[in-house]
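What follows is a single structure, written as structure tokens, with notes after it.
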Amino acid sequence: MLNHITIMGRLVADPELRTTPQGVTVATMRLAVDRDFKNKQTGERETDFINVVAWRQTAEFVSRFFTKGRMAVVEGRLQIRPYTDRDGNKRTAAEVVAENIYFGDSRRDGESGSYAPPASYGAPAQPSMGYSAPPMGGDQFAELADDDGDLPF
């Protein structure tokens, strides 16, 4: 059986971090995910608001580094769970249980609220350890001084 989902959208609000009575951390958030097609009547794209749940280290990471308006890429599984509302009615809730969460924008893009193509799409959801990639451009390559001209293959 296969239950795998990948969504990309913007956080509607800051993630909510809680701890279960057993001491397990859980973060809940909601992503606004645009549909790939336009509505035939209005000619505009519709948006789905999808609930996401992250557990343990992923929950702590999300609550620390993601805020309202940030673009997030979530990989996980779809979970449908029944519950009873305050009036005693039986309901179902659909949510994505996150296994991996990635940045879908740069910090600068996320803070301004503007969209730019995802610079770090597919980057692991881990904080930077002080390494920054060299700037893009022609100066990052140097001529080899001892090139003998023979190819290694």
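Letters A, B, ... mark the chains of the structure tokens in the order given; residue numbers begin at 1 per chain; ligand numbers begin at 1, in order shown.
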(request) Excluding Leu17 in chain A and any residue of its chain fewer than 3 positions from it, enumerate the residues within 8 Å of it, using only C-alpha atoms, and give them as a ChimeraX atom specification. (result) /A:25-28,59-60,63
Export, as a compact mmCIF listing (two decimals), in the first residue's frame, the selected residues with N, CA, C and O atoms.
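The result, written out as part-v3.txt:
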```txt
# COMPACT_ATOMS: atom_id res chain seq x y z
N THR A 25 6.55 16.26 21.73
CA THR A 25 6.18 17.55 21.13
C THR A 25 5.45 17.34 19.82
O THR A 25 5.77 16.43 19.04
N VAL A 26 4.47 18.20 19.59
CA VAL A 26 3.67 18.15 18.36
C VAL A 26 3.39 19.58 17.91
O VAL A 26 3.10 20.45 18.72
N ALA A 27 3.56 19.82 16.62
CA ALA A 27 3.26 21.14 16.05
C ALA A 27 2.15 20.97 15.03
O ALA A 27 2.15 20.04 14.23
N THR A 28 1.20 21.89 15.06
CA THR A 28 0.13 21.90 14.07
C THR A 28 0.22 23.22 13.30
O THR A 28 0.59 24.25 13.86
N ALA A 59 8.62 18.76 14.70
CA ALA A 59 7.75 19.76 15.31
C ALA A 59 8.58 20.90 15.91
O ALA A 59 8.25 22.08 15.73
N GLU A 60 9.65 20.57 16.59
CA GLU A 60 10.50 21.60 17.19
C GLU A 60 11.17 22.45 16.11
O GLU A 60 11.26 23.67 16.24
N SER A 63 8.50 24.82 14.54
CA SER A 63 8.10 25.93 15.42
C SER A 63 9.23 26.95 15.58
O SER A 63 8.97 28.12 15.83
```
(message) From the options A:Val96, A:Val24, A:Met1, A:Ala13, which residue's atoms come nearest to Trp55 in chain A, counting only C-alpha atoms?
(response)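 Comparing A:Val96, A:Val24, A:Met1, A:Ala13 against Trp55 in chain A, the winner is A:Val24.
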(request) Counting only C-alpha atoms, figure out which residue out of A:Ile5, A:Val12, A:Met71, A:Ala98 gets nearest to Val53 in chain A. (result)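 Checking each of A:Ile5, A:Val12, A:Met71, A:Ala98 against Val53 in chain A, counting only C-alpha atoms, the winner is A:Ala98.
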(message) Could you tell me how far CA of Gly104 in chain A sits from CA of Gly9 in chain A, in Å to one decimal place?
(response)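 Interatomic distance, CA of Gly9 in chain A to CA of Gly104 in chain A: 8.0 Å.
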For range 36-42 of chain A, list every protein, DNA or RNA residue within 12 Å, evaluated using only C-alpha atoms, and leave out those in the same chain fewer than 6 positions away; present the list as a tab-separated table (two decimals) with N, CA and C atoms, in the first residue's frame.
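Below is the file that was written, selection_13.tsv:
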```
chain	number	residue	atom	x	y	z
A	7	ILE	N	3.10	18.40	-0.57
A	7	ILE	CA	2.41	19.66	-0.82
A	7	ILE	C	3.37	20.81	-0.61
A	8	MET	N	3.07	21.92	-1.30
A	8	MET	CA	3.87	23.13	-1.15
A	8	MET	C	2.92	24.30	-1.03
A	48	ASP	N	-6.56	25.66	-1.51
A	48	ASP	CA	-6.96	24.70	-0.49
A	48	ASP	C	-6.18	25.00	0.78
```
(request) Choose the residue, out of A:Arg70, A:Arg30, A:Arg18, A:His4, that has the smallest atom-to-atom separation from Ile50 in chain A; count only C-alpha atoms. (result) A:Arg30
(message) Env of Asp14 in chain A: 7 Å cut, atoms = only C-alpha atoms, seq-sep filter 3 positions within chain, self excluded. Answer as a PyMOL selection string.
(response) chain A and resi 11+67-68
